[in-house]
Amino acid sequence: MTLAIIATGAVQNYFGILGADRTFSVNTLEGIMKARDFLERRKPDKIAIIGAGLTGIEIACNLTESIAASIYLVETKTRLIPQFSENVSSMIEKTLSEKGVKTLVSTKVQEIEEDRIILSDGRSMECDMAIWTAGIKPCDLVQSLPFAKWRDEWILADPYLRASENIFALGDNAWIDIDGKVASKTAVEAERQARHMAANLARLAEGKNLKRYSILASTDSQVALISIGRECAVGVYGDMCVTMPTKLIRALKYWIDKSFIQRFK
C-alpha cells in the first residue's frame with residue numbers, strides 16, 4: 001500500500017494589497033532575522049503591525065519593551081484578536097492601551113509605500129517599518145493539487161485526516177471540520193494531528209482500522225497561551241481568560257515554545 005501525507009504548512013497571504021510584499025514577515029526564521037536586523041540597525045521611530053491576531057498582539061507587546069518607538073496595530077475587523085471571544089479581546093485591548101500601543105480597528109489597508117501606509121478610507125499614516133501578520137494561505141503546490149478544497153484553498157480532510165483514500169492532510173494546509181468543529185491553525189493542533197497521524201499509520205501497518213481524530217483547539221473554542229510582555233502571559237480556553245499568575249503562565253508558555261524548537265530545529 002502506498003500512502004502520502006500532505007503537511008506543507010502555509011505561506012503569508014497579502015490579499016492582493018499593493019506593496020504588502022515589502023513588509024517584514026515573522027512566520028519564518030529568515031523573516032524574523034531580517035526584521036530583527038532592521039530593528040537593531042535602523043531603530044525605527046514608528047512601527048505599524050498589520051493584523052491584530054495572536055501573532056500581531058504578541059509582537060506589539062514585546063516591541064513596547066524592547067524598542068523606543070510608537071507602535072500601531074491595524075486590524076480590518078471590529079475588534080482585536082477577533083478569533084477569540086469578546087472577553088479576551090477586551091482584556092487584550094486594555095493591556096495594549098496600558099503599554100501605549102495605538103490600535104486601529106475596522107481599518108483596511110489599501111497600499112503600502114516605503115514610508116507610509118495608505119488606508120482604504122483615504123487616510124495615510126507614516127511609518128518607518130511595517131510588519132505583516134494579517135493572514136496565511138496554502139502554498140501554490142497545495143492549491144494546485146486535485147483534492148476537494150474549502151474556499152478553493154485548504155484541502156478538506158475527513159475525521160481520519162484523509163484527503164482521499166490513501167492521501168492524508170494535516171496542519172496549516174488542511175481544513176479539518178469534525179462534527180461542526182473546525183480545527184484552529186495553531187502549533188498545538190498541528191502537533192496533536194501529527195501524533196494522531198503517526199498512531200494511525202502504525203495501526204494501518206498492523207492491519208487495524210483508523211481512529212477518528214478529536215479536535216482540541218477549535219476555532220469556536222480557542223486554546224492558547226498569549227505572551228503580553230514583561231515575562232508575563234495569559235491563558236485562554238474558550239471564553240475563559242486566565243490572567244493570574246501571569247509569570248507562571250509565561251514560564252509554561254516559554255517551556256512549551258522551547259520544547260517545540262528543540263524538537264523541530
# chains A, B, ... in the order shown; residues from 1 in each chain; ligands from 1
$ select_by_dssp --residues "stretch 22-259 of chain A" --states "helix (DSSP H, G or I)" --output "mmCIF file with N, CA and C atoms, in the first residue's frame"
data_model
loop_
_atom_site.group_PDB
_atom_site.id
_atom_site.type_symbol
_atom_site.label_atom_id
_atom_site.label_comp_id
_atom_site.auth_asym_id
_atom_site.auth_seq_id
_atom_site.Cartn_x
_atom_site.Cartn_y
_atom_site.Cartn_z
ATOM 1 N N ARG A 22 6.504 44.141 0.545
ATOM 2 C CA ARG A 22 7.719 44.823 1.006
ATOM 3 C C ARG A 22 7.762 44.925 2.539
ATOM 4 N N LEU A 29 11.938 31.757 10.063
ATOM 5 C CA LEU A 29 13.163 32.167 10.761
ATOM 6 C C LEU A 29 13.885 33.250 9.978
ATOM 7 N N GLU A 30 13.937 33.099 8.652
ATOM 8 C CA GLU A 30 14.601 34.100 7.816
ATOM 9 C C GLU A 30 13.924 35.459 7.963
ATOM 10 N N GLY A 31 12.598 35.466 7.974
ATOM 11 C CA GLY A 31 11.867 36.715 8.114
ATOM 12 C C GLY A 31 12.116 37.366 9.462
ATOM 13 N N ILE A 32 12.146 36.568 10.514
ATOM 14 C CA ILE A 32 12.399 37.088 11.859
ATOM 15 C C ILE A 32 13.784 37.714 11.944
ATOM 16 N N MET A 33 14.784 37.048 11.359
ATOM 17 C CA MET A 33 16.153 37.569 11.403
ATOM 18 C C MET A 33 16.268 38.891 10.643
ATOM 19 N N LYS A 34 15.574 39.006 9.512
ATOM 20 C CA LYS A 34 15.600 40.264 8.750
ATOM 21 C C LYS A 34 14.959 41.389 9.549
ATOM 22 N N ALA A 35 13.835 41.081 10.195
ATOM 23 C CA ALA A 35 13.149 42.104 10.995
ATOM 24 C C ALA A 35 14.014 42.525 12.178
ATOM 25 N N ARG A 36 14.642 41.577 12.825
ATOM 26 C CA ARG A 36 15.487 41.890 13.976
ATOM 27 C C ARG A 36 16.682 42.745 13.554
ATOM 28 N N ASP A 37 17.282 42.390 12.420
ATOM 29 C CA ASP A 37 18.427 43.159 11.925
ATOM 30 C C ASP A 37 18.019 44.598 11.623
ATOM 31 N N PHE A 38 16.846 44.779 11.028
ATOM 32 C CA PHE A 38 16.358 46.120 10.708
ATOM 33 C C PHE A 38 16.124 46.919 11.985
ATOM 34 N N LEU A 39 15.522 46.293 12.979
ATOM 35 C CA LEU A 39 15.263 46.970 14.248
ATOM 36 C C LEU A 39 16.552 47.434 14.912
ATOM 37 N N GLU A 40 17.568 46.571 14.889
ATOM 38 C CA GLU A 40 18.832 46.893 15.552
ATOM 39 C C GLU A 40 19.611 47.966 14.803
ATOM 40 N N ARG A 41 19.566 47.927 13.476
ATOM 41 C CA ARG A 41 20.347 48.879 12.682
ATOM 42 C C ARG A 41 19.652 50.224 12.538
ATOM 43 N N ARG A 42 18.354 50.199 12.236
ATOM 44 C CA ARG A 42 17.647 51.428 11.904
ATOM 45 C C ARG A 42 16.947 52.085 13.081
ATOM 46 N N LEU A 54 -3.232 36.673 16.943
ATOM 47 C CA LEU A 54 -2.335 36.247 18.018
ATOM 48 C C LEU A 54 -0.907 36.728 17.803
ATOM 49 N N THR A 55 -0.378 36.562 16.591
ATOM 50 C CA THR A 55 0.993 36.966 16.295
ATOM 51 C C THR A 55 1.171 38.474 16.422
ATOM 52 N N GLY A 56 0.247 39.234 15.854
ATOM 53 C CA GLY A 56 0.344 40.688 15.918
ATOM 54 C C GLY A 56 0.321 41.214 17.337
ATOM 55 N N ILE A 57 -0.535 40.625 18.183
ATOM 56 C CA ILE A 57 -0.623 41.040 19.588
ATOM 57 C C ILE A 57 0.691 40.792 20.311
ATOM 58 N N GLU A 58 1.252 39.599 20.150
ATOM 59 C CA GLU A 58 2.494 39.260 20.860
ATOM 60 C C GLU A 58 3.654 40.128 20.391
ATOM 61 N N ILE A 59 3.719 40.419 19.095
ATOM 62 C CA ILE A 59 4.790 41.283 18.579
ATOM 63 C C ILE A 59 4.659 42.682 19.173
ATOM 64 N N ALA A 60 3.448 43.208 19.181
ATOM 65 C CA ALA A 60 3.230 44.553 19.718
ATOM 66 C C ALA A 60 3.653 44.633 21.174
ATOM 67 N N CYS A 61 3.253 43.656 21.981
ATOM 68 C CA CYS A 61 3.587 43.661 23.411
ATOM 69 C C CYS A 61 5.089 43.590 23.635
ATOM 70 N N ASN A 62 5.764 42.750 22.868
ATOM 71 C CA ASN A 62 7.209 42.598 23.053
ATOM 72 C C ASN A 62 7.991 43.793 22.536
ATOM 73 N N LEU A 63 7.534 44.419 21.453
ATOM 74 C CA LEU A 63 8.241 45.573 20.917
ATOM 75 C C LEU A 63 8.192 46.758 21.873
ATOM 76 N N GLU A 86 -15.090 37.927 22.872
ATOM 77 C CA GLU A 86 -15.069 39.358 23.158
ATOM 78 C C GLU A 86 -14.423 39.648 24.506
ATOM 79 N N ASN A 87 -14.561 38.734 25.448
ATOM 80 C CA ASN A 87 -13.937 38.888 26.751
ATOM 81 C C ASN A 87 -12.414 38.949 26.623
ATOM 82 N N VAL A 88 -11.866 38.050 25.819
ATOM 83 C CA VAL A 88 -10.415 38.039 25.590
ATOM 84 C C VAL A 88 -9.988 39.301 24.841
ATOM 85 N N SER A 89 -10.763 39.694 23.840
ATOM 86 C CA SER A 89 -10.444 40.905 23.075
ATOM 87 C C SER A 89 -10.378 42.131 23.984
ATOM 88 N N SER A 90 -11.332 42.253 24.897
ATOM 89 C CA SER A 90 -11.371 43.409 25.800
ATOM 90 C C SER A 90 -10.148 43.431 26.708
ATOM 91 N N MET A 91 -9.765 42.263 27.215
ATOM 92 C CA MET A 91 -8.608 42.191 28.093
ATOM 93 C C MET A 91 -7.331 42.578 27.343
ATOM 94 N N ILE A 92 -7.187 42.081 26.127
ATOM 95 C CA ILE A 92 -6.005 42.386 25.326
ATOM 96 C C ILE A 92 -5.972 43.876 24.963
ATOM 97 N N GLU A 93 -7.129 44.436 24.614
ATOM 98 C CA GLU A 93 -7.196 45.862 24.280
ATOM 99 C C GLU A 93 -6.743 46.722 25.462
ATOM 100 N N LYS A 94 -7.169 46.362 26.666
ATOM 101 C CA LYS A 94 -6.768 47.096 27.857
ATOM 102 C C LYS A 94 -5.270 46.989 28.085
ATOM 103 N N THR A 95 -4.725 45.782 27.897
ATOM 104 C CA THR A 95 -3.282 45.574 28.072
ATOM 105 C C THR A 95 -2.477 46.415 27.092
ATOM 106 N N LEU A 96 -2.886 46.427 25.831
ATOM 107 C CA LEU A 96 -2.172 47.198 24.817
ATOM 108 C C LEU A 96 -2.255 48.697 25.104
ATOM 109 N N SER A 97 -3.426 49.145 25.545
ATOM 110 C CA SER A 97 -3.594 50.564 25.866
ATOM 111 C C SER A 97 -2.650 50.969 26.989
ATOM 112 N N GLU A 98 -2.514 50.135 27.997
ATOM 113 C CA GLU A 98 -1.613 50.427 29.114
ATOM 114 C C GLU A 98 -0.159 50.479 28.665
ATOM 115 N N ASP A 140 1.410 27.375 -3.259
ATOM 116 C CA ASP A 140 0.926 27.131 -4.623
ATOM 117 C C ASP A 140 0.792 25.635 -4.905
ATOM 118 N N LEU A 141 1.707 24.828 -4.390
ATOM 119 C CA LEU A 141 1.641 23.387 -4.626
ATOM 120 C C LEU A 141 0.325 22.811 -4.115
ATOM 121 N N VAL A 142 -0.029 23.157 -2.876
ATOM 122 C CA VAL A 142 -1.267 22.640 -2.285
ATOM 123 C C VAL A 142 -2.477 23.097 -3.088
ATOM 124 N N GLN A 143 -2.490 24.361 -3.496
ATOM 125 C CA GLN A 143 -3.637 24.875 -4.233
ATOM 126 C C GLN A 143 -3.775 24.229 -5.606
ATOM 127 N N SER A 144 -2.678 23.665 -6.123
ATOM 128 C CA SER A 144 -2.729 23.022 -7.443
ATOM 129 C C SER A 144 -3.137 21.552 -7.380
ATOM 130 N N GLY A 171 -2.277 19.811 9.544
ATOM 131 C CA GLY A 171 -1.564 21.066 9.773
ATOM 132 C C GLY A 171 -2.224 22.229 9.046
ATOM 133 N N ASP A 172 -1.436 23.275 8.798
ATOM 134 C CA ASP A 172 -1.976 24.526 8.269
ATOM 135 C C ASP A 172 -2.527 24.413 6.857
ATOM 136 N N ASN A 173 -2.129 23.389 6.084
ATOM 137 C CA ASN A 173 -2.652 23.300 4.720
ATOM 138 C C ASN A 173 -3.989 22.552 4.642
ATOM 139 N N ALA A 187 0.098 25.721 16.570
ATOM 140 C CA ALA A 187 1.119 24.696 16.779
ATOM 141 C C ALA A 187 0.580 23.543 17.621
ATOM 142 N N VAL A 188 -0.252 23.880 18.600
ATOM 143 C CA VAL A 188 -0.830 22.841 19.459
ATOM 144 C C VAL A 188 -1.636 21.843 18.630
ATOM 145 N N GLU A 189 -2.477 22.373 17.734
ATOM 146 C CA GLU A 189 -3.291 21.495 16.901
ATOM 147 C C GLU A 189 -2.435 20.714 15.904
ATOM 148 N N ALA A 190 -1.470 21.389 15.283
ATOM 149 C CA ALA A 190 -0.642 20.725 14.275
ATOM 150 C C ALA A 190 0.120 19.539 14.872
ATOM 151 N N GLU A 191 0.711 19.750 16.046
ATOM 152 C CA GLU A 191 1.456 18.647 16.659
ATOM 153 C C GLU A 191 0.517 17.529 17.093
ATOM 154 N N ARG A 192 -0.652 17.895 17.605
ATOM 155 C CA ARG A 192 -1.626 16.884 18.017
ATOM 156 C C ARG A 192 -2.075 16.044 16.815
ATOM 157 N N GLN A 193 -2.291 16.715 15.675
ATOM 158 C CA GLN A 193 -2.662 15.996 14.459
ATOM 159 C C GLN A 193 -1.539 15.066 13.998
ATOM 160 N N ALA A 194 -0.299 15.541 14.104
ATOM 161 C CA ALA A 194 0.837 14.719 13.688
ATOM 162 C C ALA A 194 0.967 13.461 14.553
ATOM 163 N N ARG A 195 0.762 13.613 15.846
ATOM 164 C CA ARG A 195 0.830 12.453 16.739
ATOM 165 C C ARG A 195 -0.281 11.450 16.416
ATOM 166 N N HIS A 196 -1.470 11.980 16.147
ATOM 167 C CA HIS A 196 -2.586 11.100 15.792
ATOM 168 C C HIS A 196 -2.300 10.382 14.479
ATOM 169 N N MET A 197 -1.724 11.124 13.522
ATOM 170 C CA MET A 197 -1.388 10.530 12.239
ATOM 171 C C MET A 197 -0.372 9.398 12.395
ATOM 172 N N ALA A 198 0.648 9.618 13.219
ATOM 173 C CA ALA A 198 1.666 8.588 13.441
ATOM 174 C C ALA A 198 1.044 7.328 14.045
ATOM 175 N N ALA A 199 0.129 7.517 15.000
ATOM 176 C CA ALA A 199 -0.543 6.367 15.622
ATOM 177 C C ALA A 199 -1.410 5.631 14.606
ATOM 178 N N ASN A 200 -2.077 6.379 13.724
ATOM 179 C CA ASN A 200 -2.918 5.738 12.715
ATOM 180 C C ASN A 200 -2.091 4.990 11.675
ATOM 181 N N LEU A 201 -0.927 5.525 11.329
ATOM 182 C CA LEU A 201 -0.047 4.816 10.393
ATOM 183 C C LEU A 201 0.409 3.494 10.997
ATOM 184 N N ALA A 202 0.699 3.511 12.293
ATOM 185 C CA ALA A 202 1.081 2.271 12.970
ATOM 186 C C ALA A 202 -0.080 1.275 12.953
ATOM 187 N N ARG A 203 -1.300 1.787 13.120
ATOM 188 C CA ARG A 203 -2.471 0.905 13.081
ATOM 189 C C ARG A 203 -2.652 0.290 11.694
ATOM 190 N N LEU A 204 -2.430 1.082 10.661
ATOM 191 C CA LEU A 204 -2.520 0.552 9.303
ATOM 192 C C LEU A 204 -1.491 -0.542 9.063
ATOM 193 N N ALA A 205 -0.275 -0.314 9.556
ATOM 194 C CA ALA A 205 0.785 -1.311 9.390
ATOM 195 C C ALA A 205 0.441 -2.629 10.077
ATOM 196 N N THR A 246 0.482 35.579 36.164
ATOM 197 C CA THR A 246 0.975 35.818 34.813
ATOM 198 C C THR A 246 2.387 35.278 34.579
ATOM 199 N N LYS A 247 3.255 35.380 35.594
ATOM 200 C CA LYS A 247 4.631 34.905 35.398
ATOM 201 C C LYS A 247 4.692 33.384 35.310
ATOM 202 N N LEU A 248 3.820 32.710 36.048
ATOM 203 C CA LEU A 248 3.781 31.252 35.966
ATOM 204 C C LEU A 248 3.263 30.814 34.595
ATOM 205 N N ILE A 249 2.241 31.515 34.095
ATOM 206 C CA ILE A 249 1.713 31.197 32.768
ATOM 207 C C ILE A 249 2.781 31.454 31.710
ATOM 208 N N ARG A 250 3.542 32.548 31.871
ATOM 209 C CA ARG A 250 4.626 32.857 30.936
ATOM 210 C C ARG A 250 5.692 31.779 30.980
ATOM 211 N N ALA A 251 6.018 31.272 32.149
ATOM 212 C CA ALA A 251 7.013 30.208 32.267
ATOM 213 C C ALA A 251 6.544 28.945 31.544
ATOM 214 N N LEU A 252 5.246 28.641 31.671
ATOM 215 C CA LEU A 252 4.693 27.483 30.981
ATOM 216 C C LEU A 252 4.763 27.671 29.474
ATOM 217 N N LYS A 253 4.417 28.873 29.004
ATOM 218 C CA LYS A 253 4.480 29.146 27.567
ATOM 219 C C LYS A 253 5.911 29.035 27.059
ATOM 220 N N TYR A 254 6.860 29.583 27.818
ATOM 221 C CA TYR A 254 8.267 29.519 27.418
ATOM 222 C C TYR A 254 8.723 28.074 27.314
ATOM 223 N N TRP A 255 8.339 27.248 28.279
ATOM 224 C CA TRP A 255 8.730 25.830 28.269
ATOM 225 C C TRP A 255 8.146 25.113 27.054
ATOM 226 N N ILE A 256 6.879 25.414 26.719
ATOM 227 C CA ILE A 256 6.245 24.779 25.557
ATOM 228 C C ILE A 256 6.924 25.231 24.264
ATOM 229 N N ASP A 257 7.147 26.558 24.139
ATOM 230 C CA ASP A 257 7.793 27.076 22.929
ATOM 231 C C ASP A 257 9.191 26.489 22.755
ATOM 232 N N LYS A 258 9.946 26.418 23.845
ATOM 233 C CA LYS A 258 11.305 25.886 23.776
ATOM 234 C C LYS A 258 11.297 24.422 23.393
ATOM 235 N N SER A 259 10.312 23.668 23.896
ATOM 236 C CA SER A 259 10.244 22.245 23.571
ATOM 237 C C SER A 259 9.932 22.046 22.093
#
$ closest_residue --among "A:Met1, A:Asp152, A:Ile81, A:Ile215" --to "A:Ile176" --atoms "only C-alpha atoms"
A:Ile215
$ select_by_dssp --residues "stretch 15-188 of chain A" --states "strand (DSSP E)" --output "ChimeraX atom specification"
/A:24-25,46-50,70-74,102-104,109-112,116-119,124-126,129-132,136-137,149-150,154-157,162-164,167-169,174-178,181-182
$ residues_around --residues "A:Ile6" --least-positions-apart "3" --cutoff "7 Å" --atoms "only C-alpha atoms" --output "NGL selection string"
:A and (168-170)
$ write_last_selection --atoms "C-alpha atoms" --output "PDB file, in the first residue's frame"
ATOM      1  CA  PHE A 168      -3.709  12.326   4.320  1.00  0.00           C
ATOM      2  CA  ALA A 169      -3.595  16.067   5.042  1.00  0.00           C
ATOM      3  CA  LEU A 170      -2.866  17.827   8.321  1.00  0.00           C
TER       4      LEU A 170
END
$ closest_residue --among "A:Arg212, A:Asn13, A:Val105, A:Arg230" --to "A:Ser66" --atoms "only C-alpha atoms"
A:Arg230
$ closest_residue --among "A:Leu3, A:Leu156, A:Ile112, A:Met240" --to "A:Thr23" --atoms "only C-alpha atoms"
A:Ile112
$ closest_atom_pairs --of "stretch 83-135 of chain A" --to "stretch 74-78 of chain A" --cutoff "7 Å" --atoms "only C-alpha atoms" --output "Markdown table"
| residue | atom | partner | partner_atom | distance |
| --- | --- | --- | --- | --- |
| A:Thr103 | CA | A:Val74 | CA | 6.1 |
| A:Leu104 | CA | A:Val74 | CA | 4.9 |
| A:Val105 | CA | A:Glu75 | CA | 4.7 |
| A:Ser106 | CA | A:Thr76 | CA | 4.7 |
| A:Thr107 | CA | A:Thr76 | CA | 4.7 |
| A:Lys108 | CA | A:Thr76 | CA | 5.0 |
$ write_last_selection --atoms "N, CA and C atoms" --output "compact mmCIF listing (two decimals), in the first residue's frame"
# COMPACT_ATOMS: atom_id res chain seq x y z
N THR A 103 -4.20 51.42 18.65
CA THR A 103 -4.92 50.41 17.87
C THR A 103 -5.93 51.05 16.94
N LEU A 104 -6.01 50.52 15.72
CA LEU A 104 -6.97 50.97 14.72
C LEU A 104 -7.76 49.75 14.25
N VAL A 105 -9.00 49.63 14.68
CA VAL A 105 -9.85 48.53 14.25
C VAL A 105 -10.81 49.01 13.16
N SER A 106 -11.46 48.06 12.49
CA SER A 106 -12.34 48.38 11.35
C SER A 106 -11.58 49.24 10.34
N THR A 107 -10.30 48.94 10.17
CA THR A 107 -9.44 49.74 9.32
C THR A 107 -8.76 48.85 8.28
N LYS A 108 -9.01 49.13 7.00
CA LYS A 108 -8.44 48.33 5.92
C LYS A 108 -7.24 49.04 5.30
$ residues_around --residues "A:Ala224" --least-positions-apart "3" --cutoff "8 Å" --atoms "only C-alpha atoms" --output "JSON, numbers by chain"
{"A": [235, 236, 237]}
$ write_last_selection --atoms "N, CA and C atoms" --output "short mmCIF file (atom, residue, chain, number, x, y, z; two decimals), in the first residue's frame"
data_model
loop_
_atom_site.label_atom_id
_atom_site.label_comp_id
_atom_site.auth_asym_id
_atom_site.auth_seq_id
_atom_site.Cartn_x
_atom_site.Cartn_y
_atom_site.Cartn_z
N GLY A 235 -3.61 32.84 29.84
CA GLY A 235 -4.10 31.61 29.25
C GLY A 235 -5.53 31.76 28.79
N VAL A 236 -5.86 31.15 27.64
CA VAL A 236 -7.21 31.22 27.10
C VAL A 236 -7.72 29.82 26.82
N TYR A 237 -8.94 29.55 27.31
CA TYR A 237 -9.61 28.30 26.98
C TYR A 237 -11.07 28.62 26.73
#
$ atom_distance --atom1 "atom CA of A:Ser227" --atom2 "atom CA of A:Ala20"
25.9 Å
$ residues_around --residues "A:Pro138" --least-positions-apart "5" --cutoff "7 Å" --atoms "only C-alpha atoms" --output "list in words"
Gly9, Ala10, Val11, Gln143, Glu153, Trp154 and Asn173 of chain A
$ atom_distance --atom1 "atom CA of A:Ala68" --atom2 "atom CA of A:Asp45"
7.1 Å
$ closest_residue --among "A:Val109, A:Ala52, A:Ala163, A:Ala233" --to "A:Gly122" --atoms "only C-alpha atoms"
A:Val109
$ closest_residue --among "A:Leu161, A:Ala174, A:Cys241, A:Leu225" --to "A:Leu210" --atoms "only C-alpha atoms"
A:Leu161
$ atom_distance --atom1 "atom CA of A:Ile47" --atom2 "atom CA of A:Trp132"
10.9 Å
$ closest_residue --among "A:Thr8, A:Gln83, A:Lys211, A:Asp121" --to "A:Ser184" --atoms "only C-alpha atoms"
A:Gln83
$ decode --residues "stretch 92-110 of chain A" --atoms "N, CA and C atoms" --output "PDB file, in the first residue's frame"
ATOM      1  N   ILE A  92      -7.187  42.081  26.127  1.00  0.00           N
ATOM      2  CA  ILE A  92      -6.005  42.386  25.326  1.00  0.00           C
ATOM      3  C   ILE A  92      -5.972  43.876  24.963  1.00  0.00           C
ATOM      4  N   GLU A  93      -7.129  44.436  24.614  1.00  0.00           N
ATOM      5  CA  GLU A  93      -7.196  45.862  24.280  1.00  0.00           C
ATOM      6  C   GLU A  93      -6.743  46.722  25.462  1.00  0.00           C
ATOM      7  N   LYS A  94      -7.169  46.362  26.666  1.00  0.00           N
ATOM      8  CA  LYS A  94      -6.768  47.096  27.857  1.00  0.00           C
ATOM      9  C   LYS A  94      -5.270  46.989  28.085  1.00  0.00           C
ATOM     10  N   THR A  95      -4.725  45.782  27.897  1.00  0.00           N
ATOM     11  CA  THR A  95      -3.282  45.574  28.072  1.00  0.00           C
ATOM     12  C   THR A  95      -2.477  46.415  27.092  1.00  0.00           C
ATOM     13  N   LEU A  96      -2.886  46.427  25.831  1.00  0.00           N
ATOM     14  CA  LEU A  96      -2.172  47.198  24.817  1.00  0.00           C
ATOM     15  C   LEU A  96      -2.255  48.697  25.104  1.00  0.00           C
ATOM     16  N   SER A  97      -3.426  49.145  25.545  1.00  0.00           N
ATOM     17  CA  SER A  97      -3.594  50.564  25.866  1.00  0.00           C
ATOM     18  C   SER A  97      -2.650  50.969  26.989  1.00  0.00           C
ATOM     19  N   GLU A  98      -2.514  50.135  27.997  1.00  0.00           N
ATOM     20  CA  GLU A  98      -1.613  50.427  29.114  1.00  0.00           C
ATOM     21  C   GLU A  98      -0.159  50.479  28.665  1.00  0.00           C
ATOM     22  N   LYS A  99       0.166  49.758  27.613  1.00  0.00           N
ATOM     23  CA  LYS A  99       1.530  49.741  27.096  1.00  0.00           C
ATOM     24  C   LYS A  99       1.788  50.852  26.084  1.00  0.00           C
ATOM     25  N   GLY A 100       0.740  51.609  25.759  1.00  0.00           N
ATOM     26  CA  GLY A 100       0.909  52.726  24.831  1.00  0.00           C
ATOM     27  C   GLY A 100       0.767  52.365  23.373  1.00  0.00           C
ATOM     28  N   VAL A 101       0.308  51.154  23.074  1.00  0.00           N
ATOM     29  CA  VAL A 101       0.103  50.754  21.685  1.00  0.00           C
ATOM     30  C   VAL A 101      -1.170  51.410  21.158  1.00  0.00           C
ATOM     31  N   LYS A 102      -1.075  52.014  19.988  1.00  0.00           N
ATOM     32  CA  LYS A 102      -2.231  52.661  19.374  1.00  0.00           C
ATOM     33  C   LYS A 102      -2.914  51.660  18.445  1.00  0.00           C
ATOM     34  N   THR A 103      -4.200  51.418  18.655  1.00  0.00           N
ATOM     35  CA  THR A 103      -4.921  50.411  17.872  1.00  0.00           C
ATOM     36  C   THR A 103      -5.928  51.053  16.937  1.00  0.00           C
ATOM     37  N   LEU A 104      -6.005  50.521  15.720  1.00  0.00           N
ATOM     38  CA  LEU A 104      -6.972  50.973  14.722  1.00  0.00           C
ATOM     39  C   LEU A 104      -7.758  49.754  14.254  1.00  0.00           C
ATOM     40  N   VAL A 105      -9.004  49.629  14.681  1.00  0.00           N
ATOM     41  CA  VAL A 105      -9.849  48.526  14.249  1.00  0.00           C
ATOM     42  C   VAL A 105     -10.806  49.010  13.156  1.00  0.00           C
ATOM     43  N   SER A 106     -11.464  48.059  12.486  1.00  0.00           N
ATOM     44  CA  SER A 106     -12.335  48.378  11.353  1.00  0.00           C
ATOM     45  C   SER A 106     -11.582  49.242  10.344  1.00  0.00           C
ATOM     46  N   THR A 107     -10.304  48.942  10.173  1.00  0.00           N
ATOM     47  CA  THR A 107      -9.436  49.742   9.316  1.00  0.00           C
ATOM     48  C   THR A 107      -8.764  48.852   8.281  1.00  0.00           C
ATOM     49  N   LYS A 108      -9.007  49.130   7.003  1.00  0.00           N
ATOM     50  CA  LYS A 108      -8.436  48.335   5.919  1.00  0.00           C
ATOM     51  C   LYS A 108      -7.242  49.044   5.297  1.00  0.00           C
ATOM     52  N   VAL A 109      -6.222  48.264   4.985  1.00  0.00           N
ATOM     53  CA  VAL A 109      -5.033  48.796   4.309  1.00  0.00           C
ATOM     54  C   VAL A 109      -5.235  48.668   2.805  1.00  0.00           C
ATOM     55  N   GLN A 110      -5.002  49.751   2.097  1.00  0.00           N
ATOM     56  CA  GLN A 110      -5.161  49.741   0.643  1.00  0.00           C
ATOM     57  C   GLN A 110      -3.835  49.578  -0.083  1.00  0.00           C
TER      58      GLN A 110
END
